[in-house]
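Novice: What follows is coords_5.txt, made up of compact mmCIF, C-alpha atoms and all ligand atoms:
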# COMPACT_ATOMS: atom_id res chain seq x y z
CA MET N 6 116.34 -125.18 75.23
CA GLN N 7 113.89 -123.87 77.79
CA GLU N 8 110.90 -122.32 75.95
CA ASN N 9 109.09 -120.75 78.90
CA LEU N 10 109.98 -119.11 82.20
CA PRO N 11 110.76 -121.62 84.99
CA LYS N 12 107.80 -122.87 87.11
CA MET N 13 107.49 -121.46 90.63
CA PRO N 14 107.45 -123.49 93.87
CA PRO N 15 104.18 -122.64 95.78
CA GLN N 16 106.03 -120.87 98.64
CA ALA N 17 108.06 -118.53 96.33
CA LYS N 18 107.54 -114.82 97.05
CA CYS N 19 107.41 -111.85 94.64
CA THR N 20 110.66 -109.86 94.85
CA ARG N 21 108.75 -106.57 94.62
CA CYS N 22 105.62 -106.97 96.80
CA ARG N 23 106.20 -110.30 98.71
CA ALA N 24 102.88 -111.77 97.41
CA ARG N 25 102.98 -115.27 95.95
CA ALA N 26 105.28 -115.27 92.88
CA SER N 27 104.07 -116.72 89.60
CA VAL N 28 107.11 -116.21 87.36
CA SER N 29 110.87 -116.40 87.81
CA LEU N 30 113.30 -114.25 85.79
CA PRO N 31 116.79 -115.73 86.30
CA SER N 32 118.53 -113.09 84.18
CA HIS N 33 117.17 -110.41 86.59
CA ASN N 34 117.60 -112.60 89.66
CA SER N 35 113.91 -111.87 90.43
CA ARG N 36 110.51 -113.51 90.91
CA PHE N 37 107.25 -111.69 90.32
CA CYS N 38 103.52 -112.06 90.96
CA THR N 39 101.30 -111.33 87.93
CA ALA N 40 100.70 -107.63 88.74
CA CYS N 41 104.41 -106.95 89.42
CA PHE N 42 105.45 -108.84 86.26
CA LEU N 43 103.17 -106.60 84.17
CA HIS N 44 104.65 -103.56 85.94
CA PHE N 45 108.19 -104.85 85.26
CA PHE N 46 107.32 -105.43 81.58
CA ARG N 47 105.85 -101.98 80.97
CA THR N 48 108.67 -100.33 82.91
CA ALA N 49 111.21 -102.04 80.61
CA VAL N 50 109.44 -100.47 77.62
CA THR N 51 109.14 -96.98 79.17
CA ARG N 52 112.80 -97.11 80.23
CA GLY N 53 113.76 -97.89 76.62
CA ILE N 54 111.60 -95.00 75.38
CA LYS N 55 113.21 -92.60 77.88
CA LYS N 56 116.73 -93.64 76.87
CA ALA N 57 116.05 -93.30 73.16
CA GLY N 58 112.57 -93.34 71.73
CA PRO N 59 109.79 -91.31 70.16
CA GLU N 60 108.01 -88.47 71.95
CA LYS N 61 104.68 -89.39 73.55
CA GLU N 62 102.78 -87.25 71.01
CA THR N 63 104.34 -89.07 68.00
CA PRO N 64 101.71 -91.18 66.19
CA LEU N 65 103.18 -94.64 65.66
CA MET N 66 102.65 -97.12 62.87
CA VAL N 67 103.23 -100.62 64.30
CA ALA N 68 104.39 -103.39 61.94
CA VAL N 69 102.25 -106.41 62.85
CA SER N 70 102.90 -109.84 61.39
CA GLY N 71 100.40 -111.52 63.74
CA GLY N 72 103.18 -113.11 65.82
CA LYS N 73 103.57 -112.69 69.58
CA ASP N 74 106.28 -110.01 69.41
CA SER N 75 104.50 -107.59 67.10
CA LEU N 76 101.10 -107.98 68.82
CA THR N 77 102.75 -107.47 72.21
CA ALA N 78 104.58 -104.36 70.97
CA TRP N 79 101.26 -102.98 69.74
CA ALA N 80 99.51 -103.86 73.02
CA VAL N 81 102.15 -102.19 75.22
CA LEU N 82 102.32 -99.03 73.12
CA ASP N 83 98.52 -98.81 73.25
CA ASP N 84 98.58 -99.39 77.04
CA LEU N 85 101.16 -96.62 77.40
CA GLY N 86 98.84 -94.16 75.64
CA PHE N 87 100.50 -93.82 72.22
CA GLU N 88 98.32 -93.20 69.18
CA THR N 89 98.92 -96.34 67.09
CA ARG N 90 97.87 -97.94 63.82
CA GLY N 91 98.75 -101.51 62.80
CA LEU N 92 100.46 -102.20 59.46
CA HIS N 93 100.25 -105.75 58.09
CA LEU N 94 102.11 -106.87 54.98
CA ASN N 95 100.60 -110.08 53.61
CA LEU N 96 103.46 -112.18 52.18
CA GLY N 97 101.15 -114.63 50.39
CA VAL N 98 102.40 -117.79 52.13
CA GLU N 99 99.57 -120.31 51.72
CA GLY N 100 97.70 -121.05 54.96
CA TYR N 101 100.14 -119.12 57.17
CA ALA N 102 99.24 -115.73 55.63
CA ASP N 103 95.53 -116.20 56.37
CA ALA N 104 96.21 -117.32 59.93
CA SER N 105 98.52 -114.32 60.48
CA ARG N 106 95.94 -111.93 59.11
CA GLN N 107 93.26 -113.39 61.38
CA ALA N 108 95.49 -112.96 64.43
CA VAL N 109 96.03 -109.28 63.55
CA ALA N 110 92.32 -108.73 62.81
CA GLY N 111 91.28 -110.45 66.07
CA PHE N 112 93.70 -108.41 68.18
CA ALA N 113 92.76 -105.10 66.53
CA ALA N 114 89.03 -105.83 66.99
CA SER N 115 89.53 -106.76 70.67
CA ARG N 116 90.99 -103.29 71.35
CA GLY N 117 89.18 -101.25 68.70
CA LEU N 118 92.50 -100.29 67.05
CA PRO N 119 92.83 -99.24 63.38
CA TRP N 120 95.06 -101.16 60.98
CA SER N 121 95.99 -101.29 57.30
CA GLU N 122 96.73 -104.32 55.19
CA TYR N 123 98.91 -104.50 52.06
CA SER N 124 100.01 -107.40 49.91
CA LEU N 125 103.59 -108.08 48.82
CA LYS N 126 102.26 -109.44 45.53
CA GLN N 127 100.52 -106.13 44.80
CA GLU N 128 103.36 -103.91 45.98
CA PHE N 129 106.28 -105.89 44.51
CA GLY N 130 104.71 -108.00 41.77
CA PHE N 131 105.66 -111.35 43.36
CA SER N 132 104.49 -113.11 46.54
CA LEU N 133 107.11 -114.66 48.85
CA PRO N 134 106.48 -118.26 47.61
CA GLU N 135 106.80 -117.04 44.00
CA ILE N 136 110.13 -115.38 44.82
CA TYR N 137 111.34 -118.56 46.53
CA ASP N 138 110.24 -120.64 43.58
CA ILE N 139 112.41 -118.50 41.29
CA LEU N 140 115.45 -117.71 43.47
CA HIS N 141 115.53 -120.89 45.62
CA TYR N 142 117.98 -119.53 48.20
CA LYS N 143 118.46 -117.12 51.12
CA ILE N 144 114.73 -116.42 51.26
CA CYS N 145 114.88 -114.96 54.79
CA ALA N 146 117.50 -112.39 53.73
CA VAL N 147 115.38 -111.45 50.70
CA CYS N 148 112.19 -111.36 52.77
CA GLY N 149 113.88 -109.22 55.46
CA LYS N 150 115.04 -106.72 52.87
CA LEU N 151 111.60 -106.49 51.25
CA LYS N 152 109.78 -106.12 54.57
CA ARG N 153 112.19 -103.41 55.72
CA HIS N 154 111.74 -101.32 52.58
CA PHE N 155 108.00 -101.82 52.10
CA LEU N 156 107.13 -101.23 55.75
CA ASN N 157 109.10 -97.96 55.59
CA ARG N 158 107.45 -96.92 52.35
CA LEU N 159 103.93 -97.81 53.48
CA THR N 160 104.39 -96.00 56.79
CA ALA N 161 105.49 -92.87 54.93
CA ARG N 162 102.66 -93.30 52.42
CA GLU N 163 100.13 -93.30 55.29
CA GLY N 164 101.70 -90.14 56.71
CA TYR N 165 103.19 -91.64 59.91
CA PRO N 166 106.61 -90.33 61.03
CA CYS N 167 107.71 -93.42 63.00
CA LEU N 168 107.48 -97.19 62.58
CA ALA N 169 107.58 -99.49 65.64
CA THR N 170 108.58 -103.14 65.19
CA GLY N 171 108.44 -106.17 67.51
CA HIS N 172 112.17 -106.99 67.66
CA ASN N 173 113.04 -108.34 71.10
CA LEU N 174 116.24 -108.73 73.10
CA ASP N 175 116.90 -112.24 71.69
CA ASP N 176 116.51 -110.97 68.10
CA GLU N 177 118.80 -108.03 68.70
CA ALA N 178 121.50 -109.91 70.62
CA SER N 179 121.67 -112.76 68.08
CA ARG N 180 121.68 -110.33 65.15
CA LEU N 181 124.46 -108.34 66.80
CA LEU N 182 126.48 -111.52 67.32
CA GLY N 183 125.95 -112.55 63.67
CA ASN N 184 126.96 -109.09 62.41
CA LEU N 185 130.07 -109.04 64.62
CA VAL N 186 131.11 -112.55 63.52
CA GLY N 187 130.57 -111.59 59.86
CA ASP N 188 132.25 -108.18 60.42
CA ARG N 189 129.25 -106.42 58.84
CA GLN N 190 130.09 -103.01 60.26
CA GLU N 191 127.46 -101.15 58.19
CA PHE N 192 124.74 -103.17 59.96
CA VAL N 193 126.46 -103.20 63.36
CA LYS N 194 126.62 -99.45 63.56
CA ARG N 195 122.93 -99.06 62.70
CA GLN N 196 121.70 -101.62 65.22
CA TYR N 197 120.08 -99.25 67.70
CA PRO N 198 116.58 -99.44 69.18
CA PHE N 199 115.71 -95.98 67.84
CA LEU N 200 116.90 -94.76 64.45
CA PRO N 201 115.86 -91.20 63.59
CA SER N 202 114.41 -90.53 60.15
CA PRO N 203 117.27 -90.07 57.64
CA HIS N 204 115.01 -88.56 54.93
CA PRO N 205 111.54 -86.93 54.88
CA ALA N 206 110.14 -90.00 53.01
CA ILE N 207 111.71 -92.57 55.39
CA PRO N 208 110.19 -92.91 58.88
CA ALA N 209 112.12 -93.16 62.14
CA ARG N 210 112.28 -96.76 63.43
CA PHE N 211 111.75 -97.89 66.98
CA LYS N 212 111.97 -101.29 68.75
CA PRO N 213 109.93 -100.97 71.97
CA LEU N 214 110.66 -104.57 73.10
CA TYR N 215 114.45 -104.50 72.76
CA ARG N 216 114.93 -104.85 76.55
CA LEU N 217 112.62 -107.90 76.82
CA GLU N 218 113.36 -111.59 76.23
CA ILE N 219 111.21 -113.98 74.21
CA LYS N 220 110.18 -115.88 77.34
CA GLU N 221 109.04 -112.67 79.02
CA ILE N 222 107.02 -111.70 75.93
CA ARG N 223 105.40 -115.13 75.82
CA GLU N 224 104.41 -114.74 79.46
CA TYR N 225 103.02 -111.25 78.81
CA CYS N 226 100.88 -112.63 75.95
CA ARG N 227 99.51 -115.34 78.22
CA MET N 228 98.69 -112.93 81.05
CA GLN N 229 97.11 -110.36 78.71
CA ASP N 230 95.09 -112.92 76.75
CA ILE N 231 96.76 -112.03 73.44
CA HIS N 232 96.36 -114.73 70.77
CA PRO N 233 99.21 -114.67 68.22
CA VAL N 234 99.31 -116.84 65.12
CA GLN N 235 100.25 -120.43 65.93
CA GLY N 236 103.12 -122.25 64.22
CA SER N 237 105.84 -120.53 62.26
CA CYS N 238 106.58 -119.45 58.72
CA PRO N 239 107.43 -122.56 56.64
CA TYR N 240 110.63 -120.87 55.39
CA ALA N 241 111.93 -120.19 58.91
CA THR N 242 114.15 -123.28 59.02
CA GLY N 243 116.65 -121.89 56.49
CA ALA N 244 117.63 -118.80 58.53
CA THR N 245 121.26 -118.75 59.79
CA SER N 246 120.18 -116.39 62.60
CA HIS N 247 118.87 -119.52 64.40
CA TYR N 248 122.42 -120.78 64.94
CA PHE N 249 123.47 -117.55 66.66
CA ARG N 250 120.30 -117.58 68.71
CA GLU N 251 120.91 -121.15 69.84
CA ALA N 252 124.54 -120.37 70.68
CA LEU N 253 123.44 -117.43 72.84
CA GLU N 254 120.69 -119.51 74.46
CA TYR N 255 123.31 -122.09 75.45
CA LEU N 256 125.51 -119.37 77.02
CA GLU N 257 122.47 -117.85 78.74
CA GLU N 258 121.62 -121.17 80.37
CA LYS N 259 125.18 -121.46 81.72
CA MET N 260 125.55 -117.75 82.52
CA PRO N 261 122.20 -115.92 82.95
CA GLY N 262 122.43 -112.32 81.72
CA THR N 263 124.85 -113.03 78.83
CA LYS N 264 122.44 -111.89 76.08
CA ARG N 265 121.57 -108.74 77.98
CA GLY N 266 125.27 -108.02 78.63
CA LEU N 267 126.23 -108.46 74.97
CA LEU N 268 123.53 -106.12 73.67
CA PHE N 269 123.56 -103.45 76.37
CA ASN N 270 127.37 -103.17 76.47
CA TYR N 271 127.23 -102.52 72.75
CA LEU N 272 124.40 -99.97 73.07
CA ARG N 273 126.38 -98.03 75.67
CA LYS N 274 129.08 -97.27 73.08
CA PRO N 275 128.98 -93.85 71.37
CA LYS N 276 126.50 -93.86 68.50
CA GLU N 277 127.18 -93.19 64.84
CA LEU N 278 123.75 -93.20 63.29
CA GLY N 279 124.41 -91.33 60.05
CA PHE N 280 124.30 -92.82 56.55
CA SER N 281 127.51 -92.79 54.56
CA GLY N 282 125.98 -91.11 51.48
CA GLY N 283 123.15 -88.85 50.34
CA PHE N 284 119.78 -90.09 49.12
CA THR N 285 118.65 -89.57 45.52
CA PRO N 286 115.39 -90.72 43.90
CA CYS N 287 115.67 -94.30 42.56
CA ARG N 288 115.88 -94.06 38.77
CA ILE N 289 113.08 -96.65 38.43
CA CYS N 290 110.56 -96.11 41.24
CA GLY N 291 111.53 -92.65 42.55
CA GLU N 292 111.81 -93.77 46.21
CA PRO N 293 114.80 -92.33 48.16
CA SER N 294 117.82 -94.53 47.59
CA LEU N 295 121.56 -94.52 48.29
CA PRO N 296 122.52 -96.34 45.04
CA GLU N 297 121.15 -95.13 41.69
CA THR N 298 118.67 -98.05 41.63
CA CYS N 299 117.02 -98.86 44.98
CA PRO N 300 117.46 -102.37 46.49
CA VAL N 301 113.78 -103.21 45.81
CA CYS N 302 114.01 -102.40 42.09
CA GLY N 303 117.39 -104.18 41.90
CA LEU N 304 115.87 -107.31 43.44
CA LYS N 305 112.77 -107.14 41.26
CA LYS N 306 114.94 -106.99 38.13
CA ARG N 307 116.89 -110.04 39.33
CA VAL N 308 113.69 -112.03 40.00
CA GLN N 309 112.20 -110.99 36.63
CA ASP N 310 115.40 -111.93 34.75
CA MET N 311 115.58 -115.33 36.43
CA GLU N 312 111.91 -115.96 35.77
CA ALA N 313 112.37 -115.08 32.08
CA LYS N 314 115.40 -117.41 31.88
CA ARG N 315 113.47 -120.24 33.52
CA ASN N 316 110.50 -119.76 31.18
CA ALA N 317 112.82 -119.81 28.13
CA GLN N 318 114.44 -123.04 29.37
CA ASN N 319 111.01 -124.63 29.89
CA ARG N 320 109.94 -123.63 26.37
CA ASN N 321 113.13 -125.16 24.91
CA LEU N 322 112.57 -128.36 26.91
CA LYS N 323 109.00 -128.63 25.60
CA LYS N 324 110.20 -128.06 22.02
CA SER N 325 112.84 -130.78 22.26
CA ASP N 326 110.32 -133.17 23.93
CA SER N 327 107.81 -132.68 21.11
CA LYS N 328 110.59 -133.22 18.51
CA HIS N 329 111.43 -136.56 20.13
CA THR N 330 107.84 -137.71 20.30
CA ASN N 331 107.07 -136.75 16.65
FE1 LIG I 1 110.34 -114.00 56.01
FE2 LIG I 1 112.09 -115.88 56.82
FE3 LIG I 1 110.50 -114.64 58.58
FE4 LIG I 1 109.45 -116.38 56.83
S1 LIG I 1 110.92 -116.84 58.46
S2 LIG I 1 108.62 -114.36 57.37
S3 LIG I 1 110.74 -116.01 55.06
S4 LIG I 1 112.12 -113.70 57.35
ZN ZN I 2 113.36 -98.30 43.08
Here is the file; what I need is its structure written in the form of structure tokens.
Ligand code: SF4
Ligand code: ZN
Specialist:
Amino acid sequence: MQENLPKMPPQAKCTRCRARASVSLPSHNSRFCTACFLHFFRTAVTRGIKKAGPEKETPLMVAVSGGKDSLTAWAVLDDLGFETRGLHLNLGVEGYADASRQAVAGFAASRGLPWSEYSLKQEFGFSLPEIYDILHYKICAVCGKLKRHFLNRLTAREGYPCLATGHNLDDEASRLLGNLVGDRQEFVKRQYPFLPSPHPAIPARFKPLYRLEIKEIREYCRMQDIHPVQGSCPYATGATSHYFREALEYLEEKMPGTKRGLLFNYLRKPKELGFSGGFTPCRICGEPSLPETCPVCGLKKRVQDMEAKRNAQNRNLKKSDSKHTN
């Protein structure tokens, strides 16, 4: 798979201004010089905001993991004049969590932007490695659920009405494909770049980079001297979303524009953004929830039960070992 945008022959001209081109975008059938690429990139974000996005006066919380997508989303929103604050949830993954935090801190300091940091261990009672150690499976699905709920809750707790995330066109197209293949209609119908707030304690959600591909974001980072965390989360290999992403990448290589076509054709359909039921306070934590017990409390109970079972088994093993040795 091609990781970066194709290299330019020295005589190639920018499609927009006819200066020397530095990047080629096959899915747009265009080549750009650095200045015109930056213009193209910001225009893609403003176009998305005009179609469906927050008002310019809306203060935005930006979820920042320290990766290239979230730092780029923060950078563009700041460049476009939004009032922003970064929100970093430390998952407690040894080595990677510190590097991610440093990337966020470095970026925020370079632009003088405010940010808040929270820890999954403190908010949920277990870090991500501890959860994996107990559950052993589908860690990305569990992690995704926890991040979604905690980022919403923390945004509301800090008094921000809208949360921006770094999801890009590749994320959205591959997720859409996965949801269509699995016939997960509940998720399909909520896969829009802007979801209005469904409850006073749940912020609106916005994906400013949904019109931009990974390769374009990588190029933007390079041109803007943004330094995201290097490497990837050690649990990333288990995610099934990679298969859909690779399948789409293959189609994109054969037929440039496929990813864009899949996602944008879907987004043109009439929207149904409502939730099927009403929210009530979770009977354990009081956060707004559709079921009686919210998904976070349900998951916590499962992790606690499995941990208790594992501890009991270990105690029994120790007892029987000491019987045998006596
Ligand atoms: Fe969470 Fe999976 Fe992403 Fe790691 S790769 S941060 S486990 S969703
Ligand atoms: Zn709850």
Novice: Using only C-alpha atoms, which residue out of N:Lys56, N:Arg25, N:Ser246, N:Met260 lies closest to Ala146 of chain N?
Specialist: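 Distance minimum relative to Ala146 of chain N lands on N:Ser246.
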Novice: Counting only C-alpha atoms and all ligand atoms, which protein, DNA or RNA residues come within 6 Å of ligand LIG 1 (chain I), given as a list in words?
Specialist: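 Using only C-alpha atoms and all ligand atoms, everything at most 6 Å from ligand LIG 1 (chain I) comes to Ile144, Cys145, Cys148, Gly149, Cys238, Tyr240 and Ala241 of chain N.
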Novice: Which value, in Å to one decimal, gives the distance between atom CA of Thr89 of chain N and atom CA of Pro64 of chain N?
Specialist: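 Separation between atom CA of Thr89 of chain N and atom CA of Pro64 of chain N: 5.9 Å.
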Novice: Neighbouring residues of ligand ZN 2 (chain I) are defined here as those with any atom at most 6 Å from a ligand atom, counting all atoms listed in the file; list them as a VMD selection string.
Specialist: chain N and resid 287 289 to 292 298 to 299 301 to 302
Novice: When you draw a straight line from atom CA of Ser179 of chain N to atom CA of Gly97 of chain N, how long is it in Å?
Specialist: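 So the two atoms, atom CA of Ser179 of chain N and atom CA of Gly97 of chain N, lie 27.2 Å apart.
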Novice: Just the number, please: distance in Å from atom CA of Ser121 of chain N to atom CA of Pro134 of chain N, one decimal.
Specialist: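 Spanning atom CA of Ser121 of chain N to atom CA of Pro134 of chain N is a straight-line distance of 22.2 Å.
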